[in-house]
Structures are given as structure tokens and as C-alpha cells.
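J.: Next up is a structure, given as C-alpha cells.
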Amino acid sequence: MKTKTRTIILAVVLGVVAMFGGVAFCLYSTWHASTTDLRSAFEDESKKKEDVKYSELLKQQGRINILLLGEDDVEGSRRSDTILFITVDIDDKNMRVMSLPRDTRVSIPGHGVQKLNHAFAYGGADLMKKTVENYLQEPILYHVIVDYNSFPEFVDMLGGVEVDVQKKMRYVDRAGKLDINISPGLQVLNGKKALHFVRFRKDALGDIGRVQRQQQFIKSMIKKAYNPAIIVKIPELAEQTMKIFKTDMSSTLAVQLAGFVQNEVGRDKMYFSMLPGEAALIDRLSYWVGDVDAAKAFLSAPLASLISGDVTEGKGKNAKKVDFSDATDELGKNSSVKRAKDEKPEAVGKDTHGVMSKDEIASFVKSIPEAVAVLNGVGKSGVSSEISTRLQKLGVDVTHSGNAKHFDYRYSNVVYPTGASESVKETAKKLGKMLGIPKNLVRQSNQAFYASVIAGHDYKEIVKLLDGMLKEMDKGEM
């Protein structure tokens with residue numbers, strides 16, 4: 001019975017159940033294929049591709065790569081908002097899943113530099129596969145496509161999925177007949193709400209927040225697969241997955257792979273990450289500029305590094321930690337990723353303006369070692385000028401005032417350059433403390449040149465804080 005329960009898991013992760021719905025004999029006769037048999041099967045398949053890179057990947061690194069895509073058809077326009085690069089390590093018995101944001105800036109063969117999800121609209125799974133292969137420099141042997149239209153029915157057949165919703169999710173698009181309304185808290189999401197949960201992106205983190213929720217949901221579905229109540233639904237689930245999953249993998253190979261993942265890998269050896277990088281505004285278009293070197297560090301890291309949680313890209317002072325979590329960590333709490341707070345931050349200026357006198361303010365400003373920059377992360381005209389003018393009046397050296405790379409910052413951040421000197425880091429910390437910005441929003445950025453405050457939609461609170469300091473300074477003059 002336990003083996004039957006496990007047959008669902010790879011349907012959740014890779015969708016391969018779609019290939020063997022209704023062929024129980026095939027499933028049970030190949031489920032316990034040996035690792036040698038699996039390698040042999042993939043070697044035969046890779047030869048059919050007539051490209052040495054596929055077989056070389058298997059021979060040298062003992063792994064295969066699969067691309068999973070979520071397909072949506074909006075008024076006849078096909079698009080893919082979910083893009084997962086999956087690598088299954090046959091030798092070291094683990095699986096790694098990397099989410100690629102739809103706005104990732106890539107070169108699409110025949111179409112130039114554009115957003116990644118455009119590749120699917122131009123040429124379907126084949127062009128998307130080729131684009132991701134070129135971008136990551138990783139050969140992809142197979143693809144799996146999930147149809148969003150049938151996804152809710154599949155979730156309902158599972159009996160829903162329990163998810164800890166971290167915040168209120170509300171969005172209405174009357175033209176698109178979309179009404180998302182999900183309350184926060186631990187709850188079982190039905191099919192309709194599950195689809196809304198994984199597709200919602202109308203918050204401060206935009207598509208990045210959606211990627212995080214998609215990974216959270218996948219982990220919750222994997223957990224649900226261990227529920228014995230699923231066993232009796234296997235025939236129905238197999239039939240339904242035929243409708244929502246499409247792949248170019250053979251049914252026999254799919255069953256062998258499913259058996260390998262379930263019998264040899266386990267939830268604690270399924271690792272999740274998102275393409276490292278940063279949002280950027282280029283030619284008035286918002287992109288996710290990925291760090292491919294950091295991505296490859298995660299995809300190729302030794303198993304021991306994954307287990308210890310210590311995966312880095314680069315060496316020495318230039319080494320950067322790569323964020324990831326495993327399938328047992330449904331909320332990503334063990335990941336070192338620092339998310340922007342969705343609740344209201346602590347009172348702005350709590351550590352400073354409420355108790356500081358004129359002399360204390362002057363002393364604090366003098367303790368800031370370097371010049372700073374002020375960036376507009378809202379898009380409203382004059383925001384950076386409002387803040388920089390007040391900082392300068394208080395005696396802070398503002399060397400630059402301008403626009404941030406994008407304008408969807410819900411809360412203000414302080415950023416400093418990657419590899420910055422201790423003096424610049426100290427400046428960033430002091431600036432964050434002065435403006436009452438939470439410590440988790442004081443961070444390094446590959447695109448920063450100075451210690452910089454990026455004004456978010458809460459900028460009026462910062463202006464109010466600075467006005468309070470200026471008033472205190474003027475009071476001392478009277």
C-alpha cells in the first residue's frame with residue numbers, strides 16, 4: 001500500500017504519471033528498476049537525440065535535465081508563467097528544482113533579447129527548451145507541460161492541498177474574469193483557490209513572490225502524496241493527469257524515473273531554488289537579470305554541500321551564498337533568502353527620532369562614514385529629491401539622486417555594493433537605522449554603487465521622520 005501511495009509524488013513534481021495512466025502492469029513491472037537499468041535506458045534515449053551533449057552529461061555527471069512548464073491559453077495566446085528547470089542526479093540520488101522567473105532576460109533564438117516566457121509564445125516547448133539550454137548552458141533531455149485549465153480539477157481530486165498562506169491575497173480583474181480572495185492562515189485550498197495561489201503576483205515582490213508561492217505549493221503537494229487517503233484515488237488521478245500533463249518522455253522511462261525518485265531520493269533530497277539575480281529596468285522594460293554562475297553552483301554542487309546547506313559561488317572574499325531549501329521545508333524557513341516583510345515594518349525612526357536631541361542627531365550624522373545615494377523605487381516624480389534634500393539639510397552627504405531599476409518597492413530598502421568595504425557597509429547600516437528601515441531590508445546588491453536608500457511606497461513615513469529631525473534641529477536654534 002505504501003508503494004501505491006508513493007506513485008503520486010512524481011505526478012506532483014514532474015507530471016510523469018500522465019504517461020502511464022491506465023497501464024498498471026507497466027507501472028508495477030518497472031517500478032523497481034535498478035539504477036543501472038535506469039542509466040542504460042537514459043543512454044539509449046540520449047542517443048536518439050543525436051547530440052553528444054546529452055549522453056556526456058549522463059556519463060560525466062550521472063544526471064538528466066527536464067524542463068517543466070505551466071501552460072495558459074488566454075484568448076488564444078499561449079504563454080508559460082511557470083518555468084522549472086529540474087535535474088535528477090542518478091549517481092548521488094537527489095533532485096534539484098530551479099524556478100526561472102518569467103521575466104528573466106534571455107536571448108531567444110531567432111527573436112533576440114526578450115523576456116523568457118515569450119519563447120513559449122513564439123515556438124512552444126521546443127523553443128523554450130532551446131532558449132533555457134543556451135541560457136544555462138545545460139542540455140535538457142525532456143519537457144513536461146502542465147495545462148492550467150485542468151489543474152483545479154486535479155487538485156480537487158487530491159482532496160485539496162493544505163497550505164500556510166502568509167498574507168491576504170486580493171486581486172480583481174473584471175476584464176479577465178479573475179477574482180482572487182484568499183485569507184491568511186493554514187488552510188486546505190481547493191482547486192480554484194490553489195490555482196489563484198500559485199498565479200497571484202499583485203504584491204510587492206511581483207513575479208518573485210509568485211515563484212516562492214509556487215515552490216511552497218509544490219512542496220505541500222509532495223507532502224500530501226504521503227496521505228493514505230490518496231490510494232483509493234489512484235485510477236482517477238492517473239486518468240486526470242493524462243489531461244493536464246504532456247511530455248516527450250516515454251511511458252516506460254517515466255515509470256522507471258518515478259520509481260527511482262520515490263525509492264532512492266525522498267523528500268529531504270529534493271532541493272528547491274530560484275534563479276539568483278536582481279530586478280532591473282532596461283529600456284523601460286522590467287526584467288529579472290539572472291546570475292547564471294550562481295545558478296550553476298546550485299545545480300552542480302556536491303550532495304554534501306546541499307545537505308550541509310553550504311553552497312557558494314566564487315571563492316574568497318567574492319564568495320556568495322546561494323539560497324535553496326528542501327521539500328520538507330514548506331515555507332523555505334531554512335533558506336537564507338531574506339524576504340521583504342509583507343506586514344507593516346516597525347515604526348519608522350523608532351531607534352532614533354523619538355529620543356534624539358539636536359546634539360544626538362548631529363553626532364549620529366557625523367558618524368556616517370561615506371556619502372550615500374537616494375533612489376526612487378516608486379515611480380512618482382520628486383520622491384528621491386524630497387528625501388535627498390532633507391538628508392542634505394541634516395548634514396548627510398548625498399552624492400547621487402535618481403531612479404531605481406524598477407518601481408515596485410512596497411517598502412523602502414537600503415542597499416550596498418556586493419564586496420563593499422567595511423566603511424560602506426557601516427554607512428548602509430547607519431542609514432537604515434537613521435531611517436527606521438528593518439535590518440532584513442538592509443542588504444547587498446550587485447547593481448549598487450553606493451550605500452543607497454531605495455524609497456518604497458512607504459516613503460512618506462521617511463519624509464515625516466526626516467521632517468521631525470529637522471524640526472528638532474530648528475528647535476535647538478531657537
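Following the order of the C-alpha cells, first chain is A, next is B, and so on, with residues numbered from 1 inside each chain and ligands from 1 in the order they appear.
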So that I can check the surroundings of Ser286 (chain A), please list as a PyMOL selection string every protein, DNA and RNA residue that reaches within 10 Å of it, counting only C-alpha atoms and ignoring chain neighbours fewer than 2 positions away.
T.: chain A and resi 103-105+115+279-284+288-289+405-407
J.: Store the residues of this selection in a file with N, CA, C and O atoms, as a PDB file, in the first residue's frame.
T.:
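Output saved as selection-v7.pdb:
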ATOM      1  N   ASP A 103      10.120  36.779 -16.332  1.00  0.00           N
ATOM      2  CA  ASP A 103      10.707  37.999 -16.879  1.00  0.00           C
ATOM      3  C   ASP A 103      12.224  37.923 -17.016  1.00  0.00           C
ATOM      4  O   ASP A 103      12.870  38.947 -17.262  1.00  0.00           O
ATOM      5  N   THR A 104      12.787  36.733 -16.857  1.00  0.00           N
ATOM      6  CA  THR A 104      14.240  36.582 -16.995  1.00  0.00           C
ATOM      7  C   THR A 104      14.703  37.071 -18.363  1.00  0.00           C
ATOM      8  O   THR A 104      14.139  36.706 -19.401  1.00  0.00           O
ATOM      9  N   ARG A 105      15.733  37.902 -18.373  1.00  0.00           N
ATOM     10  CA  ARG A 105      16.249  38.490 -19.618  1.00  0.00           C
ATOM     11  C   ARG A 105      17.164  37.474 -20.314  1.00  0.00           C
ATOM     12  O   ARG A 105      18.224  37.121 -19.798  1.00  0.00           O
ATOM     13  N   LYS A 115      12.040  38.721 -22.786  1.00  0.00           N
ATOM     14  CA  LYS A 115      11.679  38.009 -21.570  1.00  0.00           C
ATOM     15  C   LYS A 115      11.513  36.518 -21.878  1.00  0.00           C
ATOM     16  O   LYS A 115      11.008  36.159 -22.939  1.00  0.00           O
ATOM     17  N   ALA A 279      16.083  42.314 -10.059  1.00  0.00           N
ATOM     18  CA  ALA A 279      15.186  43.005 -10.980  1.00  0.00           C
ATOM     19  C   ALA A 279      15.902  44.227 -11.552  1.00  0.00           C
ATOM     20  O   ALA A 279      16.712  44.855 -10.874  1.00  0.00           O
ATOM     21  N   ALA A 280      15.602  44.553 -12.795  1.00  0.00           N
ATOM     22  CA  ALA A 280      16.237  45.709 -13.436  1.00  0.00           C
ATOM     23  C   ALA A 280      15.288  46.313 -14.468  1.00  0.00           C
ATOM     24  O   ALA A 280      14.488  45.601 -15.082  1.00  0.00           O
ATOM     25  N   LEU A 281      15.385  47.624 -14.634  1.00  0.00           N
ATOM     26  CA  LEU A 281      14.603  48.325 -15.648  1.00  0.00           C
ATOM     27  C   LEU A 281      15.537  48.656 -16.795  1.00  0.00           C
ATOM     28  O   LEU A 281      16.461  49.456 -16.642  1.00  0.00           O
ATOM     29  N   ILE A 282      15.321  48.025 -17.953  1.00  0.00           N
ATOM     30  CA  ILE A 282      16.188  48.208 -19.119  1.00  0.00           C
ATOM     31  C   ILE A 282      15.333  48.633 -20.308  1.00  0.00           C
ATOM     32  O   ILE A 282      14.403  47.921 -20.689  1.00  0.00           O
ATOM     33  N   ASP A 283      15.645  49.777 -20.863  1.00  0.00           N
ATOM     34  CA  ASP A 283      14.859  50.312 -21.979  1.00  0.00           C
ATOM     35  C   ASP A 283      13.374  50.366 -21.633  1.00  0.00           C
ATOM     36  O   ASP A 283      12.507  50.000 -22.436  1.00  0.00           O
ATOM     37  N   ARG A 284      13.102  50.788 -20.388  1.00  0.00           N
ATOM     38  CA  ARG A 284      11.740  50.968 -19.876  1.00  0.00           C
ATOM     39  C   ARG A 284      10.964  49.657 -19.727  1.00  0.00           C
ATOM     40  O   ARG A 284       9.739  49.667 -19.609  1.00  0.00           O
ATOM     41  N   TRP A 288      14.178  40.325 -15.023  1.00  0.00           N
ATOM     42  CA  TRP A 288      14.951  39.671 -13.982  1.00  0.00           C
ATOM     43  C   TRP A 288      16.286  39.306 -14.614  1.00  0.00           C
ATOM     44  O   TRP A 288      16.345  38.545 -15.572  1.00  0.00           O
ATOM     45  N   VAL A 289      17.365  39.929 -14.118  1.00  0.00           N
ATOM     46  CA  VAL A 289      18.704  39.681 -14.655  1.00  0.00           C
ATOM     47  C   VAL A 289      19.342  38.587 -13.808  1.00  0.00           C
ATOM     48  O   VAL A 289      19.715  38.808 -12.649  1.00  0.00           O
ATOM     49  N   LYS A 405      16.057  50.752 -10.452  1.00  0.00           N
ATOM     50  CA  LYS A 405      15.903  49.965 -11.671  1.00  0.00           C
ATOM     51  C   LYS A 405      14.458  49.603 -11.958  1.00  0.00           C
ATOM     52  O   LYS A 405      14.075  49.331 -13.082  1.00  0.00           O
ATOM     53  N   HIS A 406      13.640  49.555 -10.909  1.00  0.00           N
ATOM     54  CA  HIS A 406      12.213  49.297 -11.112  1.00  0.00           C
ATOM     55  C   HIS A 406      11.424  50.023 -10.032  1.00  0.00           C
ATOM     56  O   HIS A 406      11.994  50.533  -9.062  1.00  0.00           O
ATOM     57  N   PHE A 407      10.099  50.089 -10.196  1.00  0.00           N
ATOM     58  CA  PHE A 407       9.277  50.945  -9.344  1.00  0.00           C
ATOM     59  C   PHE A 407       8.218  50.165  -8.550  1.00  0.00           C
ATOM     60  O   PHE A 407       7.123  50.673  -8.325  1.00  0.00           O
TER      61      PHE A 407
END
J.: DSSP on the backbone, then: every residue of region 94-212 of chain A marked strand (DSSP E or B), written as an NGL selection string.
T.: :A and (94-99 or 104-108 or 112-115 or 142-147 or 161-165 or 169-173 or 178-182 or 185-189)
J.: Show which residues sit within 8 Å of Val383 (chain A), as a compact mmCIF listing (two decimals) with all heavy atoms, in the first residue's frame. Count only C-alpha atoms, and ignore same-chain residues fewer than 6 positions away.
T.:
# COMPACT_ATOMS: atom_id res chain seq x y z
N ASN A 376 14.63 56.46 -6.35
CA ASN A 376 13.16 56.44 -6.38
C ASN A 376 12.69 55.05 -6.80
O ASN A 376 12.84 54.65 -7.96
CB ASN A 376 12.67 57.50 -7.37
CG ASN A 376 11.16 57.62 -7.43
OD1 ASN A 376 10.44 56.75 -6.96
ND2 ASN A 376 10.67 58.69 -8.02
N ALA A 455 13.64 54.37 -2.04
CA ALA A 455 12.36 54.77 -1.47
C ALA A 455 11.24 53.90 -2.01
O ALA A 455 11.05 53.79 -3.22
CB ALA A 455 12.09 56.24 -1.78
N TYR A 459 7.45 55.76 1.51
CA TYR A 459 8.41 56.87 1.56
C TYR A 459 7.91 58.06 2.38
O TYR A 459 8.70 58.82 2.96
CB TYR A 459 8.78 57.33 0.15
CG TYR A 459 7.74 58.16 -0.55
CD1 TYR A 459 7.77 59.55 -0.47
CD2 TYR A 459 6.71 57.57 -1.28
CE1 TYR A 459 6.80 60.32 -1.11
CE2 TYR A 459 5.74 58.33 -1.91
CZ TYR A 459 5.80 59.70 -1.83
OH TYR A 459 4.83 60.47 -2.44
J.: Need the shell around Leu470 (chain A): protein/DNA/RNA residues with any atom at most 12 Å away, counting only C-alpha atoms. Skip same-chain ones fewer than 4 positions apart. Format as a PyMOL selection string?
T.: chain A and resi 353+356-358+361-362+389-395+463-466+474-477
J.: Skip region 316-330 of chain A itself and residues of its chain fewer than 4 positions away, then list as a ChimeraX atom specification all residues within 8 Å of it, counting only C-alpha atoms.
T.: /A:216-217,219-220,222-223,267-274,276,294-295,297-298,309-312,334-337,419
J.: Separation of CA of Arg199 (chain A) and CA of Leu186 (chain A), in Å?
T.: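 Here the two named atoms are 18.4 Å from each other.
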J.: In terms of the shortest atom-to-atom distance over only C-alpha atoms, which of A:Ser300, A:Gln166, A:Asn134, A:Thr427 is closest to Arg96 (chain A)?
T.: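 Closest to Arg96 (chain A) of all the choices is A:Ser300.
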J.: Between A:Lys168, A:His118, A:Arg201, A:Arg63, which has the minimum distance to Ser80 (chain A) (counting only C-alpha atoms)?
T.: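 Looking at the shortest contact to Ser80 (chain A), the residue is A:His118.
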J.: Please give the complete set of residues from region 135-207 of chain A that DSSP, run on the backbone, assigns to helix (DSSP H, G or I), formatted as a VMD selection string.
T.: chain A and resid 135 to 136 151 to 157 191 to 199 206 to 207
J.: Export C-alpha atoms of the chosen residues as a compact mmCIF listing (two decimals), in the first residue's frame?
T.:
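Result file follows (again-v9.txt):
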# COMPACT_ATOMS: atom_id res chain seq x y z
CA TYR A 135 20.99 30.39 -21.19
CA LEU A 136 22.07 27.91 -18.53
CA PHE A 151 -5.17 21.92 -12.83
CA PRO A 152 -8.03 22.85 -10.39
CA GLU A 153 -9.85 19.57 -11.10
CA PHE A 154 -6.68 17.62 -10.36
CA VAL A 155 -6.19 19.40 -7.01
CA ASP A 156 -9.83 18.75 -6.08
CA MET A 157 -9.32 15.05 -6.79
CA GLY A 191 -8.56 23.54 -6.95
CA LYS A 192 -9.75 27.04 -7.81
CA LYS A 193 -8.02 28.69 -4.87
CA ALA A 194 -4.88 26.62 -5.44
CA LEU A 195 -4.62 27.98 -8.97
CA HIS A 196 -5.18 31.51 -7.66
CA PHE A 197 -2.49 30.94 -5.02
CA VAL A 198 0.20 29.84 -7.48
CA ARG A 199 -0.62 32.56 -10.02
CA GLY A 206 5.59 40.62 -8.05
CA ASP A 207 6.66 37.57 -10.05
J.: For Phe245 (chain A), which residue among A:Ser150, A:Ser421, A:Thr87, A:Ser445 is the nearest when counting only C-alpha atoms?
T.: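 Going through A:Ser150, A:Ser421, A:Thr87, A:Ser445 one by one, the smallest distance to Phe245 (chain A) is for A:Ser150.
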J.: Quick one: residues within 8 Å of Ser412 (chain A), only C-alpha atoms counted, chain neighbours fewer than 6 positions away excluded, as a ChimeraX atom specification?
T.: /A:377,437,441,453-459
J.: Could you save the residues just selected, with C-alpha atoms, as a JSON list (two decimals), in the first residue's frame?
T.:
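This is the output file out.json:
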[["chain", "number", "residue", "atom", "x", "y", "z"],
["A", 377, "GLY", "CA", 11.62, 52.95, -6.17],
["A", 437, "ILE", "CA", 14.35, 50.58, 7.91],
["A", 441, "LEU", "CA", 15.81, 45.20, 4.26],
["A", 453, "VAL", "CA", 18.25, 54.18, 0.17],
["A", 454, "ILE", "CA", 15.61, 52.98, -2.29],
["A", 455, "ALA", "CA", 12.36, 54.77, -1.47],
["A", 456, "GLY", "CA", 9.36, 52.44, -1.49],
["A", 457, "HIS", "CA", 5.65, 53.14, -1.23],
["A", 458, "ASP", "CA", 6.17, 53.92, 2.45],
["A", 459, "TYR", "CA", 8.41, 56.87, 1.56]]
